$ cat model-v1.cif   # mmCIF, C-alpha atoms
data_final
loop_
_atom_site.label_atom_id
_atom_site.label_comp_id
_atom_site.auth_asym_id
_atom_site.auth_seq_id
_atom_site.Cartn_x
_atom_site.Cartn_y
_atom_site.Cartn_z
CA PRO D 55 71.06 94.17 -7.96
CA HIS D 56 70.17 97.08 -5.71
CA THR D 57 73.26 96.96 -3.52
CA HIS D 58 76.07 99.48 -3.87
CA SER D 59 79.45 98.18 -2.75
CA SER D 60 81.32 100.28 -0.26
CA GLY D 61 84.49 102.07 -1.20
CA GLY D 62 87.45 99.98 -0.11
CA ASP D 63 91.07 99.35 -0.85
CA GLN D 64 92.01 100.48 -4.35
CA GLU D 65 93.73 97.19 -5.20
CA GLU D 66 90.72 95.19 -4.02
CA ASN D 67 88.31 97.29 -6.07
CA GLY D 68 90.74 97.39 -8.96
CA MET D 69 90.26 100.99 -10.04
CA ALA D 70 93.31 103.16 -10.61
CA SER D 71 93.94 106.24 -12.67
CA GLU D 72 96.30 106.22 -15.63
CA GLY D 73 100.03 106.41 -15.04
CA GLY D 74 100.02 104.69 -11.64
CA THR D 75 98.82 107.75 -9.74
CA GLN D 76 96.53 107.54 -6.73
CA GLY D 77 93.63 105.11 -7.25
CA ILE D 78 90.07 106.33 -7.78
CA ALA D 79 88.05 105.13 -4.82
CA GLU D 80 84.36 104.31 -5.01
CA GLY D 81 82.50 107.54 -4.28
CA SER D 82 85.18 109.82 -5.76
CA ILE D 83 84.39 112.75 -8.04
CA VAL D 84 85.41 112.27 -11.68
CA MET D 85 85.46 114.68 -14.61
CA PRO D 86 85.00 114.04 -18.36
CA GLY D 87 88.21 112.58 -19.75
CA ASP D 88 89.33 110.89 -16.51
CA ARG D 89 90.62 107.48 -17.48
CA ILE D 90 90.41 104.26 -15.49
CA LYS D 91 93.20 101.77 -16.06
CA ASP D 92 92.56 98.38 -17.73
CA VAL D 93 88.92 97.29 -17.75
CA SER D 94 89.86 93.75 -16.64
CA LEU D 95 91.13 95.06 -13.30
CA LEU D 96 87.60 96.00 -12.29
CA SER D 97 86.33 92.43 -12.29
CA ALA D 98 87.94 89.13 -11.38
CA ASN D 99 86.24 87.35 -14.29
CA GLY D 100 86.83 90.15 -16.79
CA LEU D 101 83.13 90.97 -17.20
CA VAL D 102 82.36 94.66 -16.69
CA GLN D 103 79.13 96.46 -17.51
CA ILE D 104 79.59 100.16 -18.21
CA GLY D 105 76.74 102.36 -17.08
CA THR D 106 75.73 106.01 -17.21
CA GLY D 107 78.55 108.55 -17.53
CA LEU D 108 81.22 106.09 -18.69
CA THR D 109 82.46 104.75 -21.99
CA GLN D 110 85.14 102.31 -23.12
CA SER D 111 88.20 103.41 -25.06
CA GLY D 112 90.38 100.46 -25.95
CA ASP D 113 91.13 98.67 -22.67
CA GLU D 114 90.22 101.63 -20.49
CA ILE D 115 87.05 103.04 -18.99
CA VAL D 116 86.72 106.78 -19.58
CA ALA D 117 84.37 109.19 -17.80
CA VAL D 118 82.20 111.24 -20.16
CA GLN D 119 80.15 113.05 -17.52
CA PRO D 120 81.11 114.81 -14.28
CA GLY D 121 79.86 113.22 -11.10
CA VAL D 122 80.52 110.60 -8.43
CA ILE D 123 81.76 107.20 -9.57
CA HIS D 124 80.24 104.02 -8.15
CA TRP D 125 80.44 100.32 -8.85
CA MET D 126 78.97 97.12 -7.52
CA THR D 127 80.23 93.56 -7.83
CA LYS D 128 78.58 90.16 -8.20
CA VAL D 129 75.73 91.51 -10.34
CA PRO D 130 73.76 88.45 -11.61
CA GLY D 131 74.65 87.70 -15.21
CA VAL D 132 77.07 90.63 -15.41
CA GLY D 133 79.93 90.47 -12.91
CA THR D 134 80.78 94.07 -12.08
CA ARG D 135 78.93 97.25 -12.98
CA ALA D 136 80.33 100.80 -12.92
CA TRP D 137 78.55 104.12 -13.43
CA VAL D 138 78.75 107.84 -12.67
CA ASP D 139 76.05 109.54 -10.60
CA CYS D 140 75.18 112.95 -11.99
CA ASN D 141 72.02 115.05 -11.88
CA GLN D 142 71.28 115.20 -15.59
CA LYS D 143 67.88 116.47 -16.70
CA ARG D 144 67.22 113.71 -19.22
CA TYR D 145 67.64 110.01 -18.54
CA ALA D 146 70.06 108.10 -20.80
CA PRO D 147 69.07 104.39 -20.90
CA CYS D 148 71.76 101.87 -19.94
CA LEU D 149 71.67 98.08 -20.01
CA GLU D 150 70.13 96.47 -16.92
CA ASP D 151 68.86 99.77 -15.49
CA MET D 152 65.64 99.42 -13.51
CA VAL D 153 63.15 102.06 -14.63
CA LEU D 154 59.62 103.24 -13.95
CA GLY D 155 57.63 103.97 -17.08
CA ILE D 156 54.20 105.06 -18.20
CA VAL D 157 52.37 103.33 -21.05
CA THR D 158 51.74 105.91 -23.78
CA ASP D 159 50.61 103.64 -26.62
CA LYS D 160 49.79 99.98 -27.16
CA HIS D 161 49.85 97.64 -30.14
CA ALA D 162 49.19 93.96 -30.69
CA ASP D 163 52.80 92.94 -30.05
CA ASP D 164 54.25 95.67 -27.85
CA TYR D 165 53.74 98.80 -25.76
CA LYS D 166 55.31 102.24 -26.04
CA ILE D 167 56.67 103.37 -22.66
CA ASP D 168 57.72 106.84 -21.49
CA ILE D 169 60.89 106.51 -19.36
CA ARG D 170 61.98 110.20 -19.33
CA SER D 171 64.51 109.63 -22.12
CA SER D 172 64.84 111.40 -25.48
CA CYS D 173 62.57 108.78 -27.07
CA GLY D 174 60.07 106.24 -25.84
CA ALA D 175 61.01 102.66 -25.03
CA ILE D 176 59.49 99.46 -26.39
CA LEU D 177 58.09 96.76 -24.10
CA PRO D 178 57.20 93.54 -25.99
CA ALA D 179 53.84 92.13 -24.95
CA LEU D 180 55.37 88.75 -24.04
CA SER D 181 58.28 90.17 -22.01
CA PHE D 182 56.72 89.09 -18.70
CA GLU D 183 57.67 86.04 -16.66
CA GLY D 184 55.36 83.19 -17.66
CA ALA D 185 53.50 85.20 -20.33
CA THR D 186 52.06 83.45 -23.39
CA LYS D 187 49.95 84.65 -26.30
CA ARG D 188 46.82 83.49 -24.48
CA SER D 189 47.85 84.47 -20.98
CA ARG D 190 49.64 87.80 -20.71
CA PRO D 191 49.16 91.16 -18.98
CA ARG D 192 46.85 93.65 -20.67
CA LEU D 193 48.23 97.10 -19.98
CA ASN D 194 46.15 100.22 -20.53
CA ILE D 195 47.43 103.61 -21.61
CA GLY D 196 48.53 105.49 -18.51
CA ALA D 197 49.50 102.35 -16.58
CA THR D 198 52.67 102.45 -14.47
CA VAL D 199 55.25 99.75 -15.25
CA TYR D 200 58.41 98.70 -13.41
CA ALA D 201 60.89 97.14 -15.84
CA ARG D 202 64.56 96.75 -16.66
CA VAL D 203 66.41 97.89 -19.77
CA CYS D 204 67.45 94.84 -21.82
CA GLN D 205 68.66 96.70 -24.91
CA ALA D 206 70.18 100.16 -25.16
CA ILE D 207 71.80 100.93 -28.51
CA ARG D 208 72.61 104.42 -29.68
CA ASP D 209 70.16 105.77 -32.31
CA CYS D 210 67.68 102.96 -31.58
CA GLU D 211 64.68 102.83 -29.27
CA PRO D 212 65.58 101.19 -25.95
CA GLU D 213 63.86 97.90 -25.20
CA LEU D 214 62.44 96.92 -21.82
CA THR D 215 61.57 93.61 -20.23
CA CYS D 216 59.65 92.59 -17.11
CA VAL D 217 61.52 89.28 -16.85
CA CYS D 218 63.78 89.16 -13.78
CA LEU D 219 67.18 87.46 -13.88
CA THR D 220 67.04 86.40 -10.23
CA SER D 221 63.39 85.47 -9.71
CA LYS D 222 61.09 83.15 -11.63
CA LYS D 223 57.80 84.19 -10.06
CA GLY D 224 55.21 84.49 -12.82
CA TRP D 225 53.29 87.68 -13.51
CA MET D 226 50.00 85.98 -12.52
CA THR D 227 51.21 85.35 -8.95
CA GLY D 228 51.27 89.07 -8.16
CA GLN D 229 54.72 88.58 -6.60
CA ALA D 230 56.89 89.30 -9.64
CA ILE D 231 59.53 92.00 -9.14
CA PHE D 232 58.76 93.69 -12.45
CA GLY D 233 55.43 94.42 -14.09
CA GLU D 234 52.45 96.73 -13.72
CA LEU D 235 52.21 98.69 -10.47
CA GLU D 236 48.60 99.15 -9.47
CA GLY D 237 47.43 101.96 -7.22
CA GLY D 238 49.97 103.98 -5.27
CA HIS D 239 51.52 107.26 -6.33
CA MET D 240 54.49 107.98 -8.61
CA PHE D 241 56.61 111.14 -8.45
CA ASP D 242 59.84 112.49 -9.91
CA VAL D 243 63.17 113.07 -8.15
CA GLY D 244 66.67 113.91 -9.36
CA ILE D 245 68.16 111.19 -11.57
CA GLY D 246 71.37 111.12 -9.55
CA TYR D 247 69.44 111.00 -6.28
CA SER D 248 67.24 108.11 -7.43
CA ARG D 249 70.19 105.70 -7.46
CA SER D 250 71.01 106.48 -3.83
CA LEU D 251 67.46 105.44 -2.88
CA LEU D 252 68.30 101.89 -4.02
CA ASP D 253 71.07 101.60 -1.44
CA PRO D 254 70.00 99.13 1.30
CA ASN D 255 71.38 101.64 3.82
CA CYS D 256 69.41 104.59 2.42
CA PRO D 257 68.56 106.65 5.54
CA VAL D 258 65.19 108.07 4.50
CA ILE D 259 63.74 104.75 3.26
CA ASN D 260 64.92 102.82 6.32
CA LEU D 261 63.69 105.46 8.79
CA LEU D 262 60.28 105.69 7.15
CA GLY D 263 59.98 101.90 7.27
CA LYS D 264 60.30 101.99 11.07
CA HIS D 265 57.18 104.16 11.36
CA ILE D 266 55.00 103.37 8.34
CA PRO D 267 54.41 100.12 6.41
CA PHE D 268 54.65 100.85 2.69
CA GLU D 269 55.78 99.51 -0.69
CA VAL D 270 58.31 101.34 -2.82
CA ALA D 271 59.78 100.93 -6.29
CA VAL D 272 62.65 103.13 -7.46
CA GLY D 273 63.61 103.70 -11.07
CA VAL D 274 67.07 105.06 -11.88
CA ASN D 275 65.35 107.28 -14.44
CA GLY D 276 64.38 109.60 -11.57
CA ARG D 277 60.96 108.17 -10.68
CA VAL D 278 59.71 106.72 -7.39
CA TRP D 279 56.46 104.80 -6.79
CA VAL D 280 55.05 104.38 -3.28
CA LYS D 281 51.95 102.69 -1.90
CA SER D 282 50.73 102.76 1.70
CA ALA D 283 47.57 102.06 3.66
CA SER D 284 46.30 105.66 3.50
CA ILE D 285 46.59 108.80 1.40
CA LYS D 286 47.89 110.62 4.48
CA ASP D 287 50.81 108.22 4.89
CA THR D 288 51.58 108.38 1.18
CA ILE D 289 51.80 112.18 1.30
CA LEU D 290 54.17 111.94 4.27
CA ILE D 291 56.42 109.45 2.46
CA VAL D 292 56.54 111.56 -0.71
CA ASN D 293 57.42 114.71 1.25
CA ALA D 294 60.11 112.90 3.24
CA VAL D 295 61.78 111.40 0.16
CA LYS D 296 61.75 114.73 -1.68
CA ASN D 297 63.08 116.64 1.33
CA ALA D 298 65.90 114.14 1.93
CA GLU D 299 67.37 114.88 -1.50
CA HIS D 300 68.64 118.22 -0.20
CA LEU D 301 69.65 117.17 3.32
CA GLN D 302 72.73 115.60 4.88
CA SER D 303 72.31 112.08 6.24
CA SER D 304 72.52 113.43 9.80
CA GLN D 305 69.57 115.76 9.14
CA VAL D 306 67.28 113.14 7.62
CA ALA D 307 66.40 111.47 10.94
CA GLU D 308 65.19 114.73 12.49
CA MET D 309 63.18 115.59 9.37
CA VAL D 310 61.43 112.19 9.31
CA THR D 311 60.70 112.37 13.07
CA GLN D 312 59.08 115.80 12.71
CA LEU D 313 56.91 114.67 9.79
CA VAL D 314 55.78 111.53 11.65
CA ARG D 315 54.89 113.55 14.77
CA PHE D 316 52.93 116.08 12.73
CA ASN D 317 51.15 113.25 10.93
CA ALA D 318 50.23 111.61 14.24
CA SER D 319 49.01 114.85 15.84
CA ASP D 320 46.77 115.56 12.86
CA THR D 321 44.78 112.33 13.25
#
$ encode --input "model-v1.cif" --output "structure tokens"
Amino acid sequence: PHTHSSGGDQEENGMASEGGTQGIAEGSIVMPGDRIKDVSLLSANGLVQIGTGLTQSGDEIVAVQPGVIHWMTKVPGVGTRAWVDCNQKRYAPCLEDMVLGIVTDKHADDYKIDIRSSCGAILPALSFEGATKRSRPRLNIGATVYARVCQAIRDCEPELTCVCLTSKKGWMTGQAIFGELEGGHMFDVGIGYSRSLLDPNCPVINLLGKHIPFEVAVGVNGRVWVKSASIKDTILIVNAVKNAEHLQSSQVAEMVTQLVRFNASDT
């Protein structure tokens, strides 16, 4: 579910503005009130998940925030997903978003998680792959959790789950996609920028991976978690990711090369 589809032919992607005017291509800038024709055109099977910055009005998708529109197809259990990238200060939870949270409170049946939204989210204690009442994760206050949003209803607390739709690896194996992230370092980035880090072709992540082995988890709520073999490498990765937010793709390679050289010369 991390892959962004590339902008292609408007008929193939099925997005067109009202009145038969020029189609809205993936990656185009939209403004509040811009309307997208017939929701069913966006997906061959008629299933469309509306994400951040969009709403549904009748049979149309309408932009409610300014930004860059994106969509991806063949999302497991969904079909097609559309959203608007915008650098808002506060995260607005949307269904199936992958988020990084911090445990702020715990109870017998659930945990309270800070996900940078207007209110905390709820993570049920048994919402882990393979968890039972006797065998389940025990999270402490302050723990970092990678989860997905499974319920996002206006005026209600969002609900999270650490059960993955595409993988059945149990939490006890240590190979589950979602769950507690131990060690490492978590830092904040722009909410709009965080989605671009999930792109398989993200320049800064791919370039860093050629020089330094590391683990990374990206939440679309504007948080990034990284873990490497040394504190020195972790600092380099954090600086590179933060710097890349304000650089063009062509400038990222030079920036990463300079940081790696400085890191090597300082050993």
$ closest_residue --input "model-v1.cif" --among "D:Ile169, D:Val157, D:Val270, D:Leu301" --to "Gly238 (chain D)" --atoms "only C-alpha atoms"
D:Val270
$ resolve_selection --input "model-v1.cif" --expression "the PyMOL selection byres ((chain D and resi 162) around 12)" --output "PyMOL selection string"
chain D and resi 159-161+163-166+177-180+187+190+192-193
$ residues_near_point --input "model-v1.cif" --point "(63.7, 86.1, -18.6)" --cutoff "12 Å" --atoms "all atoms listed in the file" --output "JSON, numbers by chain"
{"D": [131, 180, 181, 182, 183, 184, 185, 201, 202, 204, 214, 215, 216, 217, 218, 219, 220, 221, 222, 223, 224, 225, 230, 231, 232]}
$ atom_distance --input "model-v1.cif" --atom1 "CA of Pro86 (chain D)" --atom2 "CA of Pro147 (chain D)"
18.8 Å
$ atom_distance --input "model-v1.cif" --atom1 "CA of Met309 (chain D)" --atom2 "CA of Ile259 (chain D)"
12.5 Å
$ closest_residue --input "model-v1.cif" --among "D:Leu313, D:Val258, D:Ile245, D:Val84" --to "Val295 (chain D)" --atoms "only C-alpha atoms"
D:Val258
$ resolve_selection --input "model-v1.cif" --expression "the PyMOL selection byres ((chain D and resi 283) around 10)" --output "list in words"
Gly238, Ile266, Pro267, Phe268, Glu269, Lys281, Ser282, Ser284, Ile285, Lys286, Asp287 and Thr288 of chain D
$ atom_distance --input "model-v1.cif" --atom1 "CA of Met85 (chain D)" --atom2 "CA of Val122 (chain D)"
8.9 Å
$ closest_residue --input "model-v1.cif" --among "D:Asn141, D:Ser111, D:Thr227, D:Gln103" --to "Ser250 (chain D)" --atoms "all atoms listed in the file"
D:Asn141
$ closest_residue --input "model-v1.cif" --among "D:Pro120, D:Pro212, D:Gly263, D:Gly244" --to "Ser171 (chain D)" --atoms "only C-alpha atoms"
D:Pro212
$ resolve_selection --input "model-v1.cif" --expression "the PyMOL selection byres ((chain D and resi 87) around 10)" --output "VMD selection string"
chain D and resid 84 to 86 88 to 90 108 to 109 115 to 120
$ residues_around --input "model-v1.cif" --residues "Arg135 (chain D)" --least-positions-apart "6" --cutoff "8 Å" --atoms "only C-alpha atoms" --output "PyMOL selection string"
chain D and resi 102-105+125-127+129
$ residues_around --input "model-v1.cif" --residues "Gly155 (chain D)" --least-positions-apart "5" --cutoff "7 Å" --atoms "only C-alpha atoms" --output "PDB file with C-alpha atoms, keeping the file's coordinate frame"
ATOM      1  CA  ILE D 167      56.670 103.370 -22.660  1.00  0.00           C
ATOM      2  CA  ASP D 168      57.720 106.840 -21.490  1.00  0.00           C
ATOM      3  CA  ILE D 169      60.890 106.510 -19.360  1.00  0.00           C
ATOM      4  CA  THR D 198      52.670 102.450 -14.470  1.00  0.00           C
ATOM      5  CA  VAL D 199      55.250  99.750 -15.250  1.00  0.00           C
ATOM      6  CA  TYR D 200      58.410  98.700 -13.410  1.00  0.00           C
TER       7      TYR D 200
END
$ axis_aligned_box --input "model-v1.cif" --around "region 142-149 of chain D" --padding-each-side "6 Å" --output "JSON"
{"center_x": 69.5, "center_y": 107.3, "center_z": -18.2, "size_x": 16.5, "size_y": 30.4, "size_z": 17.3}
$ decode --input "model-v1.cif" --residues "region 230-270 of chain D" --atoms "N, CA and C atoms" --output "mmCIF file, in the first residue's frame"
data_model
loop_
_atom_site.group_PDB
_atom_site.id
_atom_site.type_symbol
_atom_site.label_atom_id
_atom_site.label_comp_id
_atom_site.auth_asym_id
_atom_site.auth_seq_id
_atom_site.Cartn_x
_atom_site.Cartn_y
_atom_site.Cartn_z
ATOM 1 N N ALA D 230 6.288 -8.674 12.102
ATOM 2 C CA ALA D 230 5.024 -8.038 11.734
ATOM 3 C C ALA D 230 5.285 -6.619 11.236
ATOM 4 N N ILE D 231 4.494 -6.181 10.257
ATOM 5 C CA ILE D 231 4.658 -4.837 9.695
ATOM 6 C C ILE D 231 4.304 -3.771 10.723
ATOM 7 N N PHE D 232 3.221 -3.997 11.448
ATOM 8 C CA PHE D 232 2.775 -3.028 12.451
ATOM 9 C C PHE D 232 3.054 -3.549 13.856
ATOM 10 N N GLY D 233 3.150 -2.605 14.791
ATOM 11 C CA GLY D 233 3.381 -2.969 16.179
ATOM 12 C C GLY D 233 4.337 -1.996 16.843
ATOM 13 N N GLU D 234 4.885 -2.397 17.990
ATOM 14 C CA GLU D 234 5.815 -1.530 18.711
ATOM 15 C C GLU D 234 7.162 -1.482 17.991
ATOM 16 N N LEU D 235 7.722 -0.278 17.913
ATOM 17 C CA LEU D 235 9.048 -0.086 17.331
ATOM 18 C C LEU D 235 10.025 0.161 18.473
ATOM 19 N N GLU D 236 10.946 -0.751 18.643
ATOM 20 C CA GLU D 236 11.888 -0.659 19.751
ATOM 21 C C GLU D 236 13.197 -0.031 19.295
ATOM 22 N N GLY D 237 13.754 0.827 20.146
ATOM 23 C CA GLY D 237 14.995 1.499 19.813
ATOM 24 C C GLY D 237 14.769 2.536 18.726
ATOM 25 N N GLY D 238 15.831 2.884 18.019
ATOM 26 C CA GLY D 238 15.707 3.847 16.938
ATOM 27 C C GLY D 238 15.409 5.255 17.411
ATOM 28 N N HIS D 239 15.081 6.104 16.465
ATOM 29 C CA HIS D 239 14.791 7.514 16.754
ATOM 30 C C HIS D 239 13.620 7.979 15.890
ATOM 31 N N MET D 240 12.675 8.689 16.479
ATOM 32 C CA MET D 240 11.524 9.207 15.753
ATOM 33 C C MET D 240 11.583 10.728 15.714
ATOM 34 N N PHE D 241 11.257 11.303 14.549
ATOM 35 C CA PHE D 241 11.278 12.758 14.399
ATOM 36 C C PHE D 241 10.121 13.191 13.502
ATOM 37 N N ASP D 242 9.818 14.490 13.549
ATOM 38 C CA ASP D 242 8.689 15.035 12.804
ATOM 39 C C ASP D 242 9.143 15.671 11.493
ATOM 40 N N VAL D 243 8.294 15.537 10.470
ATOM 41 C CA VAL D 243 8.483 16.224 9.191
ATOM 42 C C VAL D 243 7.138 16.801 8.780
ATOM 43 N N GLY D 244 7.099 17.524 7.659
ATOM 44 C CA GLY D 244 5.835 18.044 7.168
ATOM 45 C C GLY D 244 4.882 16.920 6.807
ATOM 46 N N ILE D 245 3.591 17.103 7.101
ATOM 47 C CA ILE D 245 2.613 16.054 6.839
ATOM 48 C C ILE D 245 2.514 15.750 5.346
ATOM 49 N N GLY D 246 2.556 16.777 4.514
ATOM 50 C CA GLY D 246 2.524 16.551 3.074
ATOM 51 C C GLY D 246 3.765 15.825 2.593
ATOM 52 N N TYR D 247 4.909 16.193 3.140
ATOM 53 C CA TYR D 247 6.184 15.580 2.753
ATOM 54 C C TYR D 247 6.260 14.116 3.160
ATOM 55 N N SER D 248 5.634 13.763 4.285
ATOM 56 C CA SER D 248 5.744 12.389 4.786
ATOM 57 C C SER D 248 5.180 11.376 3.785
ATOM 58 N N ARG D 249 4.136 11.743 3.058
ATOM 59 C CA ARG D 249 3.576 10.807 2.068
ATOM 60 C C ARG D 249 4.562 10.528 0.940
ATOM 61 N N SER D 250 5.328 11.549 0.542
ATOM 62 C CA SER D 250 6.284 11.350 -0.552
ATOM 63 C C SER D 250 7.403 10.386 -0.140
ATOM 64 N N LEU D 251 7.666 10.271 1.157
ATOM 65 C CA LEU D 251 8.700 9.348 1.629
ATOM 66 C C LEU D 251 8.283 7.886 1.473
ATOM 67 N N LEU D 252 6.985 7.641 1.279
ATOM 68 C CA LEU D 252 6.491 6.280 1.091
ATOM 69 C C LEU D 252 6.599 5.821 -0.360
ATOM 70 N N ASP D 253 6.896 6.744 -1.248
ATOM 71 C CA ASP D 253 7.050 6.397 -2.659
ATOM 72 C C ASP D 253 8.264 5.487 -2.829
ATOM 73 N N PRO D 254 8.117 4.337 -3.499
ATOM 74 C CA PRO D 254 9.269 3.448 -3.710
ATOM 75 C C PRO D 254 10.421 4.121 -4.442
ATOM 76 N N ASN D 255 10.125 5.194 -5.175
ATOM 77 C CA ASN D 255 11.170 5.914 -5.908
ATOM 78 C C ASN D 255 11.646 7.168 -5.170
ATOM 79 N N CYS D 256 11.356 7.256 -3.882
ATOM 80 C CA CYS D 256 11.774 8.422 -3.097
ATOM 81 C C CYS D 256 13.294 8.573 -3.155
ATOM 82 N N PRO D 257 13.801 9.685 -3.686
ATOM 83 C CA PRO D 257 15.251 9.827 -3.890
ATOM 84 C C PRO D 257 16.077 9.713 -2.615
ATOM 85 N N VAL D 258 15.681 10.427 -1.560
ATOM 86 C CA VAL D 258 16.525 10.470 -0.368
ATOM 87 C C VAL D 258 16.601 9.111 0.318
ATOM 88 N N ILE D 259 15.496 8.376 0.399
ATOM 89 C CA ILE D 259 15.507 7.062 1.044
ATOM 90 C C ILE D 259 16.345 6.075 0.235
ATOM 91 N N ASN D 260 16.166 6.077 -1.083
ATOM 92 C CA ASN D 260 16.913 5.145 -1.933
ATOM 93 C C ASN D 260 18.411 5.442 -1.937
ATOM 94 N N LEU D 261 18.779 6.724 -1.964
ATOM 95 C CA LEU D 261 20.199 7.095 -1.968
ATOM 96 C C LEU D 261 20.865 6.745 -0.646
ATOM 97 N N LEU D 262 20.181 6.993 0.449
ATOM 98 C CA LEU D 262 20.735 6.650 1.757
ATOM 99 C C LEU D 262 20.940 5.139 1.877
ATOM 100 N N GLY D 263 19.994 4.370 1.309
ATOM 101 C CA GLY D 263 20.095 2.917 1.390
ATOM 102 C C GLY D 263 21.292 2.350 0.655
ATOM 103 N N LYS D 264 21.854 3.098 -0.299
ATOM 104 C CA LYS D 264 23.040 2.648 -1.025
ATOM 105 C C LYS D 264 24.312 2.798 -0.196
ATOM 106 N N HIS D 265 24.261 3.648 0.833
ATOM 107 C CA HIS D 265 25.448 3.920 1.642
ATOM 108 C C HIS D 265 25.357 3.365 3.067
ATOM 109 N N ILE D 266 24.126 3.328 3.613
ATOM 110 C CA ILE D 266 23.967 2.961 5.022
ATOM 111 C C ILE D 266 22.827 1.962 5.166
ATOM 112 N N PRO D 267 23.060 0.828 5.841
ATOM 113 C CA PRO D 267 21.945 -0.085 6.136
ATOM 114 C C PRO D 267 21.105 0.483 7.288
ATOM 115 N N PHE D 268 19.819 0.570 7.098
ATOM 116 C CA PHE D 268 18.957 1.098 8.161
ATOM 117 C C PHE D 268 17.521 0.634 7.968
ATOM 118 N N GLU D 269 16.741 0.750 9.030
ATOM 119 C CA GLU D 269 15.302 0.478 8.987
ATOM 120 C C GLU D 269 14.564 1.806 9.056
ATOM 121 N N VAL D 270 13.424 1.886 8.394
ATOM 122 C CA VAL D 270 12.646 3.115 8.414
ATOM 123 C C VAL D 270 11.157 2.789 8.405
#
